[in-house]
Amino acid sequence: MKTAKKSQNADRWLTLLQVVVGLAVLAGLLWIAARLLGYARARAGYRQIATAYTAAAPQPEQEGQGAPAAAGSLTVDFAALQAQYPDAAAWLQMDDLPRISYPVMHAADNSYYLRRAPDGSHSESGSLFVDAFNTAVTDPYVLVYGHHMQDGSMFAGLLAYQDEDFYRSGSGCFTLYTPDGVRRYQIFAVQFADDASPLYSLGFANDEAFGAFLQQVKAGSLYDTGVAVSQEDQVLSLSTCATVSGEGKLLVSAKYIGGE
């Protein structure tokens with residue numbers, strides 16, 4: 001009898017364990033499905049925004065292979081874009097990473113667009129956004145943040161720039177479209193950092209302090225890009241997490257080289 005009871009108890013525990021494991025597996029699958037659905041919705045949302053408010057601009061023929069893309073390869077209808085999304089400050093498009101083509105938001109709080117789409121709805125992908133401390137995208141030093149998403153969206157592609165060969169195989173440039181015109185930037189430094197890094201400091205005592213800061217940025221680059229920078233330059237840094245789990249940061253810093 002005791003043996004039979006022990007067997008029944010063992011069977012109950014085994015059944016309970018199977019139920020618990022089954023529920024855990026189901027919960028995991030539901031979580032993965034929800035993440036994938038969230039990624040898909042975010043991508044679809046940004047495609048709709050791009051379709052509604054941007055268009056390819058005619059480009060003049062360029063000489064030679066590998067020539068940098070000309071400024072203004074897009075046209076952005078900022079009047080319509082800002083009517084729908086008042087916080088839209090710019091549109092960013094990377095030459096070497098065509099998937100990175102998104103509106104850039106600007107709010108009074110850096111946490112606002114961390115998990116919000118441009119329309120303010122919840123989104124794990126969030127939005128690209130300018131640091132709240134910046135007053136405009138033309139400030140001497142501007143920070144633009146974006147998530148490193150597991151599906152490769154948002155700023156995940158920036159990790160490609162840790163490879164010097166990738167940098168040298170492209171133009172190393174990107175375009176920032178604004179309501180006031182088109183601004184071209186050339187990357188001069190790529191580096192890893194953390195949240196406490198002085199690279200995230202905004203505001204400088206004087207031009208000399210700003211110049212010293214920029215030399216610090218350039219000196220910390222993973223490789224020498226060969227692009228000089230000085231206190232006379234306007235600089236924009238793109239920041240994302242170095243890993244999907246959020247450990248560490250990657251900064252891609254570029255200087256303004258002209259526009260329309």
# chains A, B, ... in the order shown; residues from 1 in each chain; ligands from 1

$ select_by_dssp --residues "segment 118-183 of chain A" --states "strand (DSSP E)" --output "tab-separated table (two decimals) with N, CA and C atoms, in the first residue's frame"
chain	number	residue	atom	x	y	z
A	128	LEU	N	13.82	57.96	-32.26
A	128	LEU	CA	15.07	58.71	-32.18
A	128	LEU	C	14.72	60.06	-31.58
A	129	PHE	N	15.57	60.56	-30.67
A	129	PHE	CA	15.25	61.86	-30.08
A	129	PHE	C	16.52	62.63	-29.71
A	130	VAL	N	16.41	63.94	-29.79
A	130	VAL	CA	17.48	64.86	-29.42
A	130	VAL	C	17.48	65.04	-27.91
A	141	TYR	N	27.09	71.24	-29.85
A	141	TYR	CA	27.19	69.79	-29.65
A	141	TYR	C	25.79	69.24	-29.40
A	142	VAL	N	25.39	68.30	-30.24
A	142	VAL	CA	24.04	67.73	-30.17
A	142	VAL	C	24.13	66.23	-29.97
A	143	LEU	N	23.29	65.70	-29.10
A	143	LEU	CA	23.20	64.27	-28.88
A	143	LEU	C	21.85	63.76	-29.39
A	144	VAL	N	21.89	62.69	-30.17
A	144	VAL	CA	20.68	62.04	-30.65
A	144	VAL	C	20.71	60.59	-30.19
A	145	TYR	N	19.65	60.16	-29.51
A	145	TYR	CA	19.59	58.81	-28.95
A	145	TYR	C	18.64	57.92	-29.74
A	173	CYS	N	29.23	59.26	-43.97
A	173	CYS	CA	28.44	60.49	-43.83
A	173	CYS	C	26.96	60.17	-43.58
A	174	PHE	N	26.26	61.16	-43.09
A	174	PHE	CA	24.81	61.06	-42.99
A	174	PHE	C	24.20	62.44	-43.18
A	175	THR	N	22.90	62.46	-43.38
A	175	THR	CA	22.18	63.70	-43.64
A	175	THR	C	21.12	63.93	-42.57
A	176	LEU	N	21.06	65.15	-42.09
A	176	LEU	CA	20.00	65.56	-41.16
A	176	LEU	C	19.14	66.58	-41.89
A	177	TYR	N	17.89	66.21	-42.13
A	177	TYR	CA	16.94	67.11	-42.77
A	177	TYR	C	16.23	67.89	-41.67
A	178	THR	N	16.13	69.19	-41.83
A	178	THR	CA	15.46	70.04	-40.84
A	178	THR	C	14.49	70.97	-41.56
A	181	GLY	N	16.50	73.42	-43.63
A	181	GLY	CA	17.41	73.00	-44.69
A	181	GLY	C	18.02	71.64	-44.44
A	182	VAL	N	18.94	71.27	-45.33
A	182	VAL	CA	19.59	69.97	-45.29
A	182	VAL	C	21.00	70.13	-44.75
A	183	ARG	N	21.37	69.29	-43.80
A	183	ARG	CA	22.69	69.38	-43.17
A	183	ARG	C	23.43	68.06	-43.33

$ residues_around --residues "segment 220-225 of chain A" --least-positions-apart "2" --cutoff "6 Å" --atoms "only C-alpha atoms" --output "PyMOL selection string"
chain A and resi 188-191+217-218+227

$ write_last_selection --atoms "C-alpha atoms" --output "short mmCIF file (atom, residue, chain, number, x, y, z; two decimals), in the first residue's frame"
data_model
loop_
_atom_site.label_atom_id
_atom_site.label_comp_id
_atom_site.auth_asym_id
_atom_site.auth_seq_id
_atom_site.Cartn_x
_atom_site.Cartn_y
_atom_site.Cartn_z
CA PHE A 188 35.16 61.52 -37.20
CA ALA A 189 35.02 59.19 -34.18
CA VAL A 190 33.44 55.92 -33.07
CA GLN A 191 33.78 54.78 -29.45
CA VAL A 217 36.20 62.53 -28.38
CA LYS A 218 38.53 62.04 -31.34
CA VAL A 227 38.85 63.38 -40.21
#

$ select_by_dssp --residues "segment 60-247 of chain A" --states "helix (DSSP H, G or I)" --output "PyMOL selection string"
chain A and resi 78-84+112-114+156-162+164-169+198-200+207-219

$ closest_residue --among "A:Arg168, A:Arg12, A:Lys255, A:His122" --to "Gly45 of chain A" --atoms "only C-alpha atoms"
A:His122

$ closest_residue --among "A:Tyr53, A:Tyr185, A:Phe192, A:Tyr167" --to "Thr240 of chain A" --atoms "only C-alpha atoms"
A:Phe192

$ atom_distance --atom1 "atom CA of Gln48 of chain A" --atom2 "atom CA of Gly259 of chain A"
26.8 Å

$ atom_distance --atom1 "atom CA of Pro198 of chain A" --atom2 "atom CA of Val235 of chain A"
15.1 Å

$ residues_around --residues "Tyr112 of chain A" --least-positions-apart "2" --cutoff "12 Å" --atoms "only C-alpha atoms" --output "number ranges by chain"
A: 87, 105-110, 114-123, 126-132, 145

$ residues_around --residues "Asp77 of chain A" --least-positions-apart "4" --cutoff "10 Å" --atoms "only C-alpha atoms" --output "PyMOL selection string"
chain A and resi 52-55+81-82+178-179

$ closest_residue --among "A:Ala193, A:Ser201, A:Ala80, A:Gln186" --to "Ser253 of chain A" --atoms "only C-alpha atoms"
A:Gln186

$ closest_residue --among "A:Ile187, A:Val137, A:Leu214, A:Met154" --to "Leu199 of chain A" --atoms "only C-alpha atoms"
A:Leu214

$ closest_atom_pairs --of "segment 134-216 of chain A" --to "segment 96-103 of chain A" --cutoff "8 Å" --atoms "only C-alpha atoms" --output "CSV"
residue,atom,partner,partner_atom,distance
A:Ser153,CA,A:Arg99,CA,7.2
A:Met154,CA,A:Ile100,CA,6.4
A:Phe155,CA,A:Ile100,CA,6.9
A:Gly157,CA,A:Leu97,CA,6.7
A:Leu158,CA,A:Leu97,CA,7.9
A:Gly170,CA,A:Asp96,CA,5.7
A:Ser171,CA,A:Asp96,CA,6.7
A:Gly172,CA,A:Asp96,CA,6.9
A:Cys173,CA,A:Asp96,CA,7.5
A:Phe174,CA,A:Asp96,CA,7.9

$ write_last_selection --atoms "all heavy atoms" --output "PDB file, in the first residue's frame"
ATOM      1  N   SER A 153      16.462  47.145 -35.970  1.00  0.00           N
ATOM      2  CA  SER A 153      15.888  48.446 -36.296  1.00  0.00           C
ATOM      3  C   SER A 153      16.460  49.552 -35.411  1.00  0.00           C
ATOM      4  O   SER A 153      17.312  49.326 -34.555  1.00  0.00           O
ATOM      5  CB  SER A 153      14.367  48.401 -36.154  1.00  0.00           C
ATOM      6  OG  SER A 153      14.004  48.120 -34.815  1.00  0.00           O
ATOM      7  N   MET A 154      15.972  50.751 -35.625  1.00  0.00           N
ATOM      8  CA  MET A 154      16.401  51.951 -34.921  1.00  0.00           C
ATOM      9  C   MET A 154      17.917  52.124 -35.076  1.00  0.00           C
ATOM     10  O   MET A 154      18.408  52.078 -36.192  1.00  0.00           O
ATOM     11  CB  MET A 154      15.946  51.926 -33.463  1.00  0.00           C
ATOM     12  CG  MET A 154      14.436  51.664 -33.305  1.00  0.00           C
ATOM     13  SD  MET A 154      13.361  52.691 -34.350  1.00  0.00           S
ATOM     14  CE  MET A 154      13.539  54.292 -33.565  1.00  0.00           C
ATOM     15  N   PHE A 155      18.674  52.270 -33.976  1.00  0.00           N
ATOM     16  CA  PHE A 155      20.113  52.536 -34.091  1.00  0.00           C
ATOM     17  C   PHE A 155      20.966  51.274 -33.992  1.00  0.00           C
ATOM     18  O   PHE A 155      22.196  51.367 -33.842  1.00  0.00           O
ATOM     19  CB  PHE A 155      20.540  53.519 -33.006  1.00  0.00           C
ATOM     20  CG  PHE A 155      20.509  54.967 -33.437  1.00  0.00           C
ATOM     21  CD1 PHE A 155      20.738  55.980 -32.521  1.00  0.00           C
ATOM     22  CD2 PHE A 155      20.275  55.331 -34.751  1.00  0.00           C
ATOM     23  CE1 PHE A 155      20.725  57.316 -32.898  1.00  0.00           C
ATOM     24  CE2 PHE A 155      20.249  56.661 -35.145  1.00  0.00           C
ATOM     25  CZ  PHE A 155      20.482  57.665 -34.211  1.00  0.00           C
ATOM     26  N   GLY A 157      22.005  49.320 -36.206  1.00  0.00           N
ATOM     27  CA  GLY A 157      22.986  49.273 -37.287  1.00  0.00           C
ATOM     28  C   GLY A 157      24.259  50.053 -37.023  1.00  0.00           C
ATOM     29  O   GLY A 157      25.296  49.796 -37.648  1.00  0.00           O
ATOM     30  N   LEU A 158      24.221  51.004 -36.086  1.00  0.00           N
ATOM     31  CA  LEU A 158      25.412  51.802 -35.804  1.00  0.00           C
ATOM     32  C   LEU A 158      26.586  50.950 -35.341  1.00  0.00           C
ATOM     33  O   LEU A 158      27.742  51.348 -35.478  1.00  0.00           O
ATOM     34  CB  LEU A 158      25.110  52.856 -34.728  1.00  0.00           C
ATOM     35  CG  LEU A 158      24.179  54.006 -35.114  1.00  0.00           C
ATOM     36  CD1 LEU A 158      24.015  54.959 -33.933  1.00  0.00           C
ATOM     37  CD2 LEU A 158      24.715  54.769 -36.323  1.00  0.00           C
ATOM     38  N   GLY A 170      32.431  52.854 -47.001  1.00  0.00           N
ATOM     39  CA  GLY A 170      31.313  53.735 -47.342  1.00  0.00           C
ATOM     40  C   GLY A 170      31.715  55.197 -47.354  1.00  0.00           C
ATOM     41  O   GLY A 170      32.899  55.542 -47.386  1.00  0.00           O
ATOM     42  N   SER A 171      30.733  56.060 -47.290  1.00  0.00           N
ATOM     43  CA  SER A 171      31.006  57.501 -47.301  1.00  0.00           C
ATOM     44  C   SER A 171      31.344  58.018 -45.914  1.00  0.00           C
ATOM     45  O   SER A 171      31.982  59.060 -45.774  1.00  0.00           O
ATOM     46  CB  SER A 171      29.790  58.261 -47.839  1.00  0.00           C
ATOM     47  OG  SER A 171      28.735  58.246 -46.879  1.00  0.00           O
ATOM     48  N   GLY A 172      30.877  57.306 -44.871  1.00  0.00           N
ATOM     49  CA  GLY A 172      31.099  57.794 -43.510  1.00  0.00           C
ATOM     50  C   GLY A 172      30.305  59.058 -43.224  1.00  0.00           C
ATOM     51  O   GLY A 172      30.652  59.824 -42.328  1.00  0.00           O
ATOM     52  N   CYS A 173      29.231  59.256 -43.966  1.00  0.00           N
ATOM     53  CA  CYS A 173      28.442  60.486 -43.830  1.00  0.00           C
ATOM     54  C   CYS A 173      26.964  60.171 -43.580  1.00  0.00           C
ATOM     55  O   CYS A 173      26.495  59.064 -43.842  1.00  0.00           O
ATOM     56  CB  CYS A 173      28.555  61.340 -45.082  1.00  0.00           C
ATOM     57  SG  CYS A 173      30.209  61.992 -45.412  1.00  0.00           S
ATOM     58  N   PHE A 174      26.263  61.156 -43.089  1.00  0.00           N
ATOM     59  CA  PHE A 174      24.808  61.058 -42.987  1.00  0.00           C
ATOM     60  C   PHE A 174      24.202  62.439 -43.181  1.00  0.00           C
ATOM     61  O   PHE A 174      24.906  63.460 -43.174  1.00  0.00           O
ATOM     62  CB  PHE A 174      24.355  60.422 -41.665  1.00  0.00           C
ATOM     63  CG  PHE A 174      24.780  61.144 -40.409  1.00  0.00           C
ATOM     64  CD1 PHE A 174      24.074  62.227 -39.917  1.00  0.00           C
ATOM     65  CD2 PHE A 174      25.872  60.689 -39.686  1.00  0.00           C
ATOM     66  CE1 PHE A 174      24.443  62.867 -38.751  1.00  0.00           C
ATOM     67  CE2 PHE A 174      26.261  61.317 -38.499  1.00  0.00           C
ATOM     68  CZ  PHE A 174      25.546  62.406 -38.036  1.00  0.00           C
TER      69      PHE A 174
END
